[in-house]
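entry17.tsv (TSV, C-alpha atoms and all ligand atoms) appears below.
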chain	number	residue	atom	x	y	z
A	1	MET	CA	105.97	-48.19	-79.85
A	2	ASN	CA	106.82	-51.52	-81.45
A	3	GLU	CA	110.09	-52.34	-79.77
A	4	THR	CA	109.94	-55.46	-77.63
A	5	ILE	CA	111.39	-54.98	-74.15
A	6	LEU	CA	110.44	-58.32	-72.59
A	7	ILE	CA	109.99	-61.81	-73.99
A	8	VAL	CA	108.87	-64.64	-71.73
A	9	ARG	CA	108.86	-68.15	-73.19
A	10	ASN	CA	107.54	-71.31	-71.62
A	11	LEU	CA	108.19	-70.13	-68.06
A	12	ARG	CA	107.69	-72.75	-65.37
A	13	LYS	CA	107.80	-72.81	-61.59
A	14	TYR	CA	106.70	-75.79	-59.52
A	15	PHE	CA	106.80	-75.50	-55.73
A	16	PRO	CA	107.37	-78.79	-53.85
A	17	VAL	CA	104.82	-79.70	-51.18
A	18	LYS	CA	106.58	-81.51	-48.36
A	19	GLY	CA	105.03	-84.50	-46.60
A	20	ILE	CA	106.42	-85.92	-43.33
A	21	PHE	CA	109.04	-88.03	-45.11
A	22	PHE	CA	108.75	-87.32	-48.83
A	23	THR	CA	107.72	-84.60	-51.24
A	24	LYS	CA	103.95	-85.09	-51.63
A	25	GLY	CA	103.78	-83.38	-54.99
A	26	TYR	CA	104.29	-80.06	-56.73
A	27	ILE	CA	102.15	-76.96	-56.97
A	28	LYS	CA	102.32	-76.01	-60.62
A	29	ALA	CA	102.21	-72.27	-59.92
A	30	VAL	CA	103.42	-71.25	-63.38
A	31	ASP	CA	103.21	-73.88	-66.08
A	32	GLY	CA	104.43	-72.87	-69.51
A	33	VAL	CA	103.72	-69.13	-69.66
A	34	THR	CA	104.64	-67.24	-72.86
A	35	PHE	CA	104.12	-63.56	-73.74
A	36	THR	CA	105.91	-60.45	-74.99
A	37	VAL	CA	105.72	-56.86	-73.78
A	38	LEU	CA	106.37	-53.78	-75.94
A	39	ARG	CA	108.42	-50.89	-74.60
A	40	GLY	CA	106.29	-48.12	-73.11
A	41	SER	CA	103.17	-50.32	-72.93
A	42	THR	CA	101.25	-51.91	-70.06
A	43	LEU	CA	100.52	-55.61	-70.06
A	44	ALA	CA	97.95	-56.55	-67.43
A	45	LEU	CA	98.25	-60.04	-66.02
A	46	VAL	CA	94.78	-60.92	-64.78
A	47	GLY	CA	93.31	-63.85	-62.88
A	48	GLU	CA	91.78	-65.06	-59.65
A	49	SER	CA	93.90	-65.49	-56.56
A	50	GLY	CA	96.14	-68.56	-56.96
A	51	SER	CA	96.34	-68.25	-60.76
A	52	GLY	CA	100.11	-67.73	-60.58
A	53	LYS	CA	100.18	-64.11	-61.78
A	54	SER	CA	102.25	-62.74	-58.88
A	55	THR	CA	104.69	-65.64	-59.22
A	56	VAL	CA	105.21	-64.70	-62.89
A	57	GLY	CA	106.12	-61.14	-61.83
A	58	ARG	CA	108.64	-62.40	-59.29
A	59	LEU	CA	110.15	-64.93	-61.72
A	60	ILE	CA	110.71	-62.25	-64.36
A	61	LEU	CA	112.61	-60.10	-61.85
A	62	ARG	CA	114.45	-63.17	-60.54
A	63	LEU	CA	113.17	-62.62	-57.02
A	64	ILE	CA	112.53	-66.35	-57.29
A	65	GLU	CA	114.33	-68.65	-59.72
A	66	PRO	CA	112.37	-70.28	-62.53
A	67	ASP	CA	112.57	-74.06	-63.05
A	68	ASP	CA	112.43	-73.72	-66.82
A	69	GLY	CA	111.81	-71.27	-69.63
A	70	GLU	CA	113.39	-68.18	-71.08
A	71	ILE	CA	113.22	-64.51	-70.05
A	72	LEU	CA	114.73	-61.95	-72.42
A	73	PHE	CA	114.93	-58.35	-71.23
A	74	ASN	CA	116.21	-55.97	-73.93
A	75	GLY	CA	117.62	-59.08	-75.60
A	76	MET	CA	119.55	-60.15	-72.44
A	77	ASN	CA	119.02	-63.69	-71.18
A	78	VAL	CA	117.89	-62.84	-67.63
A	79	ARG	CA	118.35	-66.36	-66.28
A	80	LYS	CA	122.04	-66.28	-67.15
A	81	LEU	CA	122.86	-62.87	-65.63
A	82	LYS	CA	125.46	-62.81	-62.89
A	83	ASN	CA	127.35	-60.30	-60.71
A	84	THR	CA	127.48	-56.79	-62.24
A	85	ASP	CA	125.12	-57.71	-65.10
A	86	LEU	CA	122.55	-58.97	-62.61
A	87	LEU	CA	122.98	-55.81	-60.52
A	88	GLU	CA	122.45	-53.67	-63.63
A	89	PHE	CA	119.31	-55.71	-64.47
A	90	ARG	CA	118.05	-55.02	-60.94
A	91	ARG	CA	118.62	-51.28	-61.49
A	92	ARG	CA	116.67	-51.29	-64.74
A	93	THR	CA	113.71	-53.22	-63.30
A	94	ALA	CA	111.59	-52.74	-60.17
A	95	ILE	CA	108.53	-53.95	-58.33
A	96	VAL	CA	105.80	-52.13	-56.41
A	97	PHE	CA	103.98	-54.39	-53.97
A	98	GLN	CA	100.33	-54.45	-53.00
A	99	ASP	CA	100.76	-53.48	-49.39
A	100	PRO	CA	102.46	-50.13	-48.84
A	101	TYR	CA	102.17	-50.75	-45.07
A	102	SER	CA	104.60	-53.65	-45.04
A	103	SER	CA	106.84	-52.72	-47.98
A	104	LEU	CA	108.37	-49.67	-46.25
A	105	ASN	CA	110.73	-50.04	-43.30
A	106	PRO	CA	108.87	-48.43	-40.36
A	107	ARG	CA	112.14	-47.40	-38.68
A	108	MET	CA	113.45	-45.41	-41.64
A	109	THR	CA	112.58	-41.84	-42.61
A	110	VAL	CA	111.38	-41.15	-46.14
A	111	TYR	CA	114.80	-39.63	-46.85
A	112	ASN	CA	116.59	-42.85	-45.88
A	113	ILE	CA	114.05	-45.04	-47.68
A	114	LEU	CA	114.72	-43.16	-50.92
A	115	LYS	CA	118.48	-42.91	-50.36
A	116	GLU	CA	118.89	-46.67	-49.79
A	117	PRO	CA	118.61	-47.80	-53.47
A	118	LEU	CA	121.03	-45.05	-54.57
A	119	GLU	CA	123.61	-46.33	-52.09
A	120	ALA	CA	122.98	-49.99	-52.93
A	121	HIS	CA	123.70	-49.27	-56.60
A	122	ASN	CA	126.40	-46.69	-55.92
A	123	ILE	CA	124.66	-44.03	-58.00
A	124	ASP	CA	125.94	-40.47	-57.91
A	125	VAL	CA	123.05	-38.03	-58.24
A	126	GLY	CA	124.93	-34.94	-57.01
A	127	ASP	CA	122.97	-33.32	-54.18
A	128	VAL	CA	121.15	-36.32	-52.69
A	129	GLU	CA	118.57	-34.32	-50.74
A	130	GLU	CA	117.70	-32.24	-53.77
A	131	TYR	CA	117.31	-35.41	-55.86
A	132	ILE	CA	115.11	-37.07	-53.25
A	133	VAL	CA	112.90	-33.97	-52.97
A	134	SER	CA	112.53	-34.00	-56.77
A	135	LEU	CA	111.42	-37.66	-56.57
A	136	LEU	CA	108.88	-36.81	-53.88
A	137	GLU	CA	107.52	-33.94	-55.93
A	138	ARG	CA	107.09	-36.24	-58.91
A	139	VAL	CA	104.75	-38.44	-56.87
A	140	GLY	CA	102.79	-35.56	-55.36
A	141	LEU	CA	104.63	-35.25	-52.03
A	142	GLY	CA	107.02	-32.52	-50.88
A	143	LYS	CA	110.04	-31.46	-48.88
A	144	GLU	CA	107.98	-31.34	-45.68
A	145	HIS	CA	107.63	-35.15	-45.86
A	146	LEU	CA	111.37	-35.83	-46.05
A	147	TYR	CA	112.09	-36.67	-42.42
A	148	ARG	CA	108.81	-38.33	-41.50
A	149	PHE	CA	108.30	-42.05	-40.87
A	150	PRO	CA	105.93	-44.34	-42.82
A	151	HIS	CA	103.36	-44.52	-39.98
A	152	GLU	CA	102.77	-40.77	-40.37
A	153	PHE	CA	101.30	-41.26	-43.87
A	154	SER	CA	98.01	-42.54	-45.29
A	155	GLY	CA	97.90	-45.71	-47.42
A	156	GLY	CA	97.86	-43.70	-50.66
A	157	GLN	CA	100.80	-41.55	-49.55
A	158	ARG	CA	102.78	-44.67	-48.60
A	159	GLN	CA	102.17	-46.11	-52.05
A	160	ARG	CA	103.44	-42.81	-53.49
A	161	ILE	CA	106.62	-43.24	-51.43
A	162	SER	CA	106.99	-46.82	-52.76
A	163	ILE	CA	106.66	-45.47	-56.30
A	164	ALA	CA	109.22	-42.70	-55.61
A	165	ARG	CA	111.61	-45.37	-54.32
A	166	VAL	CA	111.43	-47.36	-57.55
A	167	LEU	CA	111.78	-44.19	-59.65
A	168	ALA	CA	115.04	-43.36	-57.86
A	169	LEU	CA	116.99	-45.75	-60.09
A	170	LYS	CA	115.26	-44.72	-63.35
A	171	PRO	CA	113.95	-48.21	-64.20
A	172	GLU	CA	112.63	-49.25	-67.60
A	173	LEU	CA	110.32	-52.09	-66.54
A	174	ILE	CA	108.17	-51.99	-63.40
A	175	VAL	CA	106.13	-54.91	-62.09
A	176	LEU	CA	103.10	-53.48	-60.30
A	177	ASP	CA	101.69	-56.25	-58.12
A	178	GLU	CA	98.11	-55.21	-57.22
A	179	PRO	CA	99.41	-51.71	-56.37
A	180	THR	CA	95.98	-50.22	-55.70
A	181	SER	CA	93.96	-53.11	-54.30
A	182	SER	CA	94.52	-52.21	-50.63
A	183	LEU	CA	93.49	-48.57	-51.20
A	184	ASP	CA	90.12	-46.76	-51.16
A	185	VAL	CA	88.50	-46.35	-54.56
A	186	SER	CA	89.13	-42.58	-54.76
A	187	VAL	CA	92.79	-43.05	-53.78
A	188	GLN	CA	93.09	-45.91	-56.31
A	189	ALA	CA	92.14	-43.52	-59.11
A	190	GLN	CA	94.79	-41.00	-57.99
A	191	ILE	CA	97.52	-43.65	-57.93
A	192	LEU	CA	96.47	-44.99	-61.34
A	193	ASN	CA	96.58	-41.46	-62.78
A	194	LEU	CA	100.02	-40.96	-61.28
A	195	LEU	CA	101.26	-44.23	-62.79
A	196	LYS	CA	99.89	-43.24	-66.19
A	197	ASP	CA	101.56	-39.81	-66.05
A	198	LEU	CA	104.89	-41.33	-65.02
A	199	GLN	CA	104.65	-43.91	-67.78
A	200	GLU	CA	104.19	-41.20	-70.35
A	201	SER	CA	106.94	-38.91	-69.08
A	202	ASP	CA	109.53	-41.64	-68.41
A	203	LYS	CA	108.54	-44.09	-71.19
A	204	LEU	CA	108.06	-46.77	-68.55
A	205	THR	CA	106.89	-50.30	-69.30
A	206	TYR	CA	104.49	-51.87	-66.81
A	207	LEU	CA	103.57	-55.44	-66.04
A	208	PHE	CA	100.39	-54.77	-64.07
A	209	ILE	CA	99.24	-57.71	-61.96
A	210	THR	CA	95.64	-57.52	-60.81
A	211	HIS	CA	92.37	-59.37	-60.27
A	212	ASP	CA	90.40	-56.16	-60.95
A	213	LEU	CA	89.22	-55.87	-64.55
A	214	GLY	CA	87.91	-52.34	-63.95
A	215	VAL	CA	91.49	-51.21	-63.29
A	216	VAL	CA	92.73	-53.15	-66.33
A	217	ARG	CA	90.43	-51.27	-68.67
A	218	TYR	CA	91.82	-47.98	-67.43
A	219	ILE	CA	95.53	-48.74	-67.42
A	220	ALA	CA	96.42	-51.60	-69.77
A	221	SER	CA	97.14	-51.74	-73.48
A	222	MET	CA	97.31	-55.56	-73.58
A	223	VAL	CA	95.75	-58.16	-71.27
A	224	ALA	CA	96.89	-61.71	-70.50
A	225	VAL	CA	94.35	-63.81	-68.61
A	226	MET	CA	95.78	-66.54	-66.35
A	227	TYR	CA	94.06	-69.61	-64.97
A	228	LEU	CA	95.78	-72.17	-62.72
A	229	GLY	CA	99.31	-71.37	-63.89
A	230	LYS	CA	98.56	-70.98	-67.59
A	231	ILE	CA	97.68	-68.09	-69.86
A	232	VAL	CA	94.33	-68.80	-71.50
A	233	GLU	CA	93.89	-65.63	-73.58
A	234	ILE	CA	95.98	-62.63	-74.66
A	235	ALA	CA	94.69	-59.67	-76.64
A	236	ASP	CA	94.70	-55.90	-76.67
A	237	THR	CA	92.49	-54.38	-74.01
A	238	ASP	CA	89.66	-53.33	-76.35
A	239	SER	CA	89.42	-56.85	-77.80
A	240	ILE	CA	89.34	-58.41	-74.33
A	241	PHE	CA	86.43	-56.20	-73.32
A	242	SER	CA	84.49	-56.25	-76.59
A	243	ASP	CA	85.42	-59.56	-78.19
A	244	SER	CA	86.84	-61.97	-75.59
A	245	ARG	CA	86.76	-65.60	-76.70
A	246	HIS	CA	87.85	-67.81	-73.82
A	247	PRO	CA	84.94	-68.92	-71.60
A	248	TYR	CA	86.99	-68.06	-68.50
A	249	THR	CA	87.69	-64.50	-69.69
A	250	ARG	CA	83.99	-64.05	-70.40
A	251	MET	CA	83.12	-65.27	-66.94
A	252	LEU	CA	85.63	-62.91	-65.34
A	253	LEU	CA	84.11	-60.04	-67.30
A	254	SER	CA	80.65	-61.02	-66.10
A	255	SER	CA	81.69	-60.05	-62.57
A	256	ILE	CA	82.23	-56.37	-63.49
A	257	PRO	CA	79.18	-54.27	-62.53
A	258	VAL	CA	77.44	-52.62	-65.53
A	259	PRO	CA	74.73	-49.95	-65.42
A	260	ASP	CA	72.67	-51.40	-68.35
A	261	PRO	CA	70.22	-54.03	-66.95
A	262	LYS	CA	70.03	-55.84	-70.32
A	263	VAL	CA	73.79	-56.29	-70.43
A	264	ALA	CA	73.76	-57.21	-66.75
A	265	ARG	CA	71.13	-59.96	-67.41
A	266	ALA	CA	73.13	-61.32	-70.34
A	267	ARG	CA	76.24	-61.40	-68.21
A	268	GLU	CA	74.42	-63.13	-65.37
A	269	LYS	CA	74.25	-66.21	-67.59
A	270	ALA	CA	78.00	-66.30	-67.92
A	271	LYS	CA	78.64	-65.80	-64.21
A	272	LEU	CA	81.78	-67.39	-62.80
A	273	THR	CA	80.82	-70.22	-60.48
A	274	GLY	CA	82.77	-72.68	-58.36
A	275	GLU	CA	86.29	-72.47	-57.01
A	276	PRO	CA	89.44	-73.09	-59.05
A	277	PRO	CA	90.75	-76.65	-58.52
A	278	SER	CA	93.93	-77.15	-56.51
A	279	PRO	CA	97.12	-76.31	-58.45
A	280	LEU	CA	98.64	-79.32	-56.64
A	281	ASN	CA	96.42	-81.60	-58.61
A	282	PRO	CA	95.08	-79.73	-61.63
A	283	PRO	CA	92.45	-81.47	-63.76
A	284	PRO	CA	93.66	-83.25	-66.92
A	285	GLY	CA	93.06	-81.71	-70.32
A	286	CYS	CA	91.86	-78.13	-70.08
A	287	ARG	CA	92.26	-77.01	-66.48
A	288	PHE	CA	89.10	-74.97	-66.71
A	289	HIS	CA	86.87	-77.87	-67.79
A	290	PRO	CA	85.22	-78.55	-64.38
A	291	ARG	CA	83.83	-74.98	-64.41
A	292	CYS	CA	83.30	-74.53	-68.14
A	293	PRO	CA	79.71	-74.64	-69.49
A	294	TYR	CA	81.05	-75.53	-72.98
A	295	ALA	CA	83.28	-78.43	-71.92
A	296	MET	CA	83.46	-81.27	-74.48
A	297	ASP	CA	84.94	-84.75	-74.21
A	298	ILE	CA	88.23	-83.63	-75.71
A	299	CYS	CA	88.51	-80.88	-73.06
A	300	ARG	CA	88.69	-83.53	-70.32
A	301	LYS	CA	91.52	-85.38	-72.07
A	302	GLU	CA	93.68	-83.03	-74.12
A	303	GLU	CA	95.25	-79.71	-73.25
A	304	PRO	CA	93.91	-77.06	-75.62
A	305	PRO	CA	96.45	-75.74	-78.13
A	306	VAL	CA	97.34	-72.08	-78.62
A	307	VAL	CA	95.11	-70.63	-81.35
A	308	GLU	CA	95.77	-67.25	-82.97
A	309	ILE	CA	92.27	-65.86	-83.59
A	310	GLU	CA	93.58	-62.60	-85.04
A	311	LYS	CA	96.90	-60.79	-85.04
A	312	ARG	CA	97.93	-60.40	-81.37
A	313	HIS	CA	94.79	-62.18	-80.13
A	314	ILE	CA	95.60	-65.63	-78.77
A	315	VAL	CA	93.28	-68.07	-77.05
A	316	CYS	CA	93.84	-71.57	-75.63
A	317	CYS	CA	90.54	-73.38	-76.08
A	318	HIS	CA	89.31	-76.39	-78.07
A	319	LEU	CA	86.29	-74.39	-79.23
A	320	TYR	CA	88.51	-72.51	-81.69
A	321	VAL	CA	90.43	-75.44	-83.14
A	322	ARG	CA	89.44	-76.21	-86.74
A	323	ARG	CA	88.93	-79.96	-87.10
B	1	LIG	FE1	85.88	-74.88	-71.98
B	1	LIG	FE2	86.95	-76.85	-73.43
B	1	LIG	FE3	87.56	-74.32	-73.97
B	1	LIG	FE4	88.48	-75.45	-71.77
B	1	LIG	S1	88.98	-76.03	-73.86
B	1	LIG	S2	87.59	-73.46	-71.93
B	1	LIG	S3	86.75	-76.76	-71.19
B	1	LIG	S4	85.56	-75.31	-74.16
Written form, C-alpha cells:
Amino acid sequence: MNETILIVRNLRKYFPVKGIFFTKGYIKAVDGVTFTVLRGSTLALVGESGSGKSTVGRLILRLIEPDDGEILFNGMNVRKLKNTDLLEFRRRTAIVFQDPYSSLNPRMTVYNILKEPLEAHNIDVGDVEEYIVSLLERVGLGKEHLYRFPHEFSGGQRQRISIARVLALKPELIVLDEPTSSLDVSVQAQILNLLKDLQESDKLTYLFITHDLGVVRYIASMVAVMYLGKIVEIADTDSIFSDSRHPYTRMLLSSIPVPDPKVARAREKAKLTGEPPSPLNPPPGCRFHPRCPYAMDICRKEEPPVVEIEKRHIVCCHLYVRR
C-alpha cells in the first residue's frame, strides 16, 4: 500500500470579503497546504470549525477553484483537466456530505437518486434496477427501500443512501466531510464500520474531514491537523495519539474524554483555551501564538518552518528548529 494516489502541494484559497465599495480583505481559508495520500489509506484532516479543512476537500475535487497550488490525482494535474478528462475525474472521485437530510433530493425516490449519477456519466450497468438493488444491499438496505423517498428514512439510513450513491460510479477517492457528526453515537459506529468494510473490499481511499478525534483514531491511518488554513502537524495515527509534538495537536487531544483520572489531570493542563483568531486577519508569525503556552518571541514574528521529526512525521513549530 505504498502507491500515492493524491499529492497536494501549496494549495491556496483566499475568499474576498466585500465592503460597500471595495474588497475589505481576504479570508485566507487555505494557505499553503501540502500533503500526500496513499492508495487504499485514510487521511484524516482534523481541526476546529473554520480551520479550512472542508475547503481543502472541495478544492481537491474542484467543487471550488483553487487560487494557487498543485493537485495531482493518479499523476494527473487536476487543475488543468477539462471536458471529458474532467468528467472522468469526477467519476473517479466523490464526496459524502455531513448532512444526509439536505444532500438528498426530497422529491426523488431512492431508485432515481441512485440512477442519476449513472445517467449523468452515461454508464451502462446492464439491468439498472438490479444494479441499484446491489448497491443498496452493499450499504445494508434492500429492495423494499427502492421506491421510497428520503423523508421515510432515519438519518443513518439516509447517510447509507448517500454512500450508495457515491459507490454507483465505482470511485477511487472519496472525500468524507464530517459524514457521521449529525448522527447518534450508535449510528455513527455503524456508518464507520460500513465505511471501513467498503474501503477494504473496494480498495477505496478516503480523505476524512472531521473535528472528532475519537472518530479519527478508529478510521484513519494518517492524520493532518489544520489550524487557520495551515497544516501544523502530519503523522500516522498512532504517532499523533502517542507522540504528538505540536502544542495545538496536544491541546486538541486534551479534549478527548479518558477514563484514567491521572491522564485526565495531565491533559487538563494542556486544555485548549480561547477562540481561533479571525482568518481575515490572522496573527503574524505562527498563527497559533496567541493561544500557545510555549510562544516565544520568534513565534510572534516568523512563520514556523516545516520540520521532519521522523519519517512521515512533520510538524510546523519553532520549538523543533535546531538553532
Ligand atoms: Fe507555539 Fe511557537 Fe510552536 Fe507556534 S511556533 S506552536 S507559538 S511554540
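Across the structure, CA of Lys13 (chain A) and CA of Phe35 (chain A) are spaced 15.7 Å apart.
Take CA of Val128 (chain A) and CA of Asp177 (chain A): the distance between them is 28.4 Å.
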*asked:* Can you tell me which residues surround Thr249 (chain A) at a distance of at most 8 Å, considering all atoms listed in the file, apart from same-chain residues fewer than 3 positions away, and format the answer as JSON, numbers by chain?
replied: {"A": [225, 233, 240, 244, 245, 246, 252, 253]}
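Among the candidates A:Ala29, A:Val46, A:Leu146, A:Leu183, the residue lying nearest to Pro100 (chain A) is A:Leu183 (atoms considered: only C-alpha atoms).
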_Env of Ser134 (chain A): 10 Å cut, atoms = all atoms listed in the file, seq-sep filter 5 positions within chain, self excluded. Answer as number ranges by chain._
A: 128-129, 139-143, 164, 168
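Counting all atoms listed in the file, the residue from A:Lys82, A:Arg300, A:His313, A:His289 that sits nearest to ligand LIG 1 (chain B) is A:His289.
Distance-wise, CA of Leu87 (chain A) and CA of Arg158 (chain A) end up 26.0 Å apart.
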For ligand LIG 1 (chain B), take all atoms listed in the file, fit an axis-aligned box around them, add 3 Å to each of the six sides, then output centre and edge lengths in Å rounded to one decimal, as AutoDock Vina command-line options.
--center_x 87.3 --center_y -75.2 --center_z -72.7 --size_x 9.4 --size_y 9.4 --size_z 9.0
Using all atoms listed in the file, find each residue with an atom at most 12 Å away from ligand LIG 1 (chain B) and format the answer as a compact mmCIF listing (two decimals) with C-alpha atoms, in the frame of the given file.
# COMPACT_ATOMS: atom_id res chain seq x y z
CA TYR A 227 94.06 -69.61 -64.97
CA LYS A 230 98.56 -70.98 -67.59
CA ILE A 231 97.68 -68.09 -69.86
CA VAL A 232 94.33 -68.80 -71.50
CA GLU A 233 93.89 -65.63 -73.58
CA ARG A 245 86.76 -65.60 -76.70
CA HIS A 246 87.85 -67.81 -73.82
CA PRO A 247 84.94 -68.92 -71.60
CA TYR A 248 86.99 -68.06 -68.50
CA THR A 249 87.69 -64.50 -69.69
CA ARG A 250 83.99 -64.05 -70.40
CA MET A 251 83.12 -65.27 -66.94
CA PRO A 283 92.45 -81.47 -63.76
CA PRO A 284 93.66 -83.25 -66.92
CA GLY A 285 93.06 -81.71 -70.32
CA CYS A 286 91.86 -78.13 -70.08
CA ARG A 287 92.26 -77.01 -66.48
CA PHE A 288 89.10 -74.97 -66.71
CA HIS A 289 86.87 -77.87 -67.79
CA PRO A 290 85.22 -78.55 -64.38
CA ARG A 291 83.83 -74.98 -64.41
CA CYS A 292 83.30 -74.53 -68.14
CA PRO A 293 79.71 -74.64 -69.49
CA TYR A 294 81.05 -75.53 -72.98
CA ALA A 295 83.28 -78.43 -71.92
CA MET A 296 83.46 -81.27 -74.48
CA ASP A 297 84.94 -84.75 -74.21
CA ILE A 298 88.23 -83.63 -75.71
CA CYS A 299 88.51 -80.88 -73.06
CA ARG A 300 88.69 -83.53 -70.32
CA LYS A 301 91.52 -85.38 -72.07
CA GLU A 302 93.68 -83.03 -74.12
CA GLU A 303 95.25 -79.71 -73.25
CA PRO A 304 93.91 -77.06 -75.62
CA PRO A 305 96.45 -75.74 -78.13
CA VAL A 306 97.34 -72.08 -78.62
CA VAL A 307 95.11 -70.63 -81.35
CA VAL A 315 93.28 -68.07 -77.05
CA CYS A 316 93.84 -71.57 -75.63
CA CYS A 317 90.54 -73.38 -76.08
CA HIS A 318 89.31 -76.39 -78.07
CA LEU A 319 86.29 -74.39 -79.23
CA TYR A 320 88.51 -72.51 -81.69
CA VAL A 321 90.43 -75.44 -83.14
*A:Thr4, A:Ser51, A:Gln157, A:Thr36: which is nearest Gly75 (chain A), counting all atoms listed in the file?*
A:Thr4
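Residues surrounding Ile209 (chain A) within 9 Å are Leu43, Ala44, Leu45, Val46, Gly47, Lys53, Ser54, Gly57, Val175, Leu176, Asp177, Glu178 and Pro179 of chain A [only C-alpha atoms; sequence separation below 6 positions excluded].
Of the listed residues A:Val125, A:Asp238, A:Gly40, A:Leu204, the one whose atoms come nearest to Val216 (chain A) is A:Asp238, with distances taken using all atoms listed in the file.
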*asked:* Set the distance at 9 Å and use all atoms listed in the file: which residues neighbour Leu173 (chain A) once local chain neighbours fewer than 6 positions away are removed? I'd like the list as JSON, numbers by chain.
replied: {"A": [5, 6, 39, 40, 92, 93, 94, 95, 204, 205, 206, 207]}
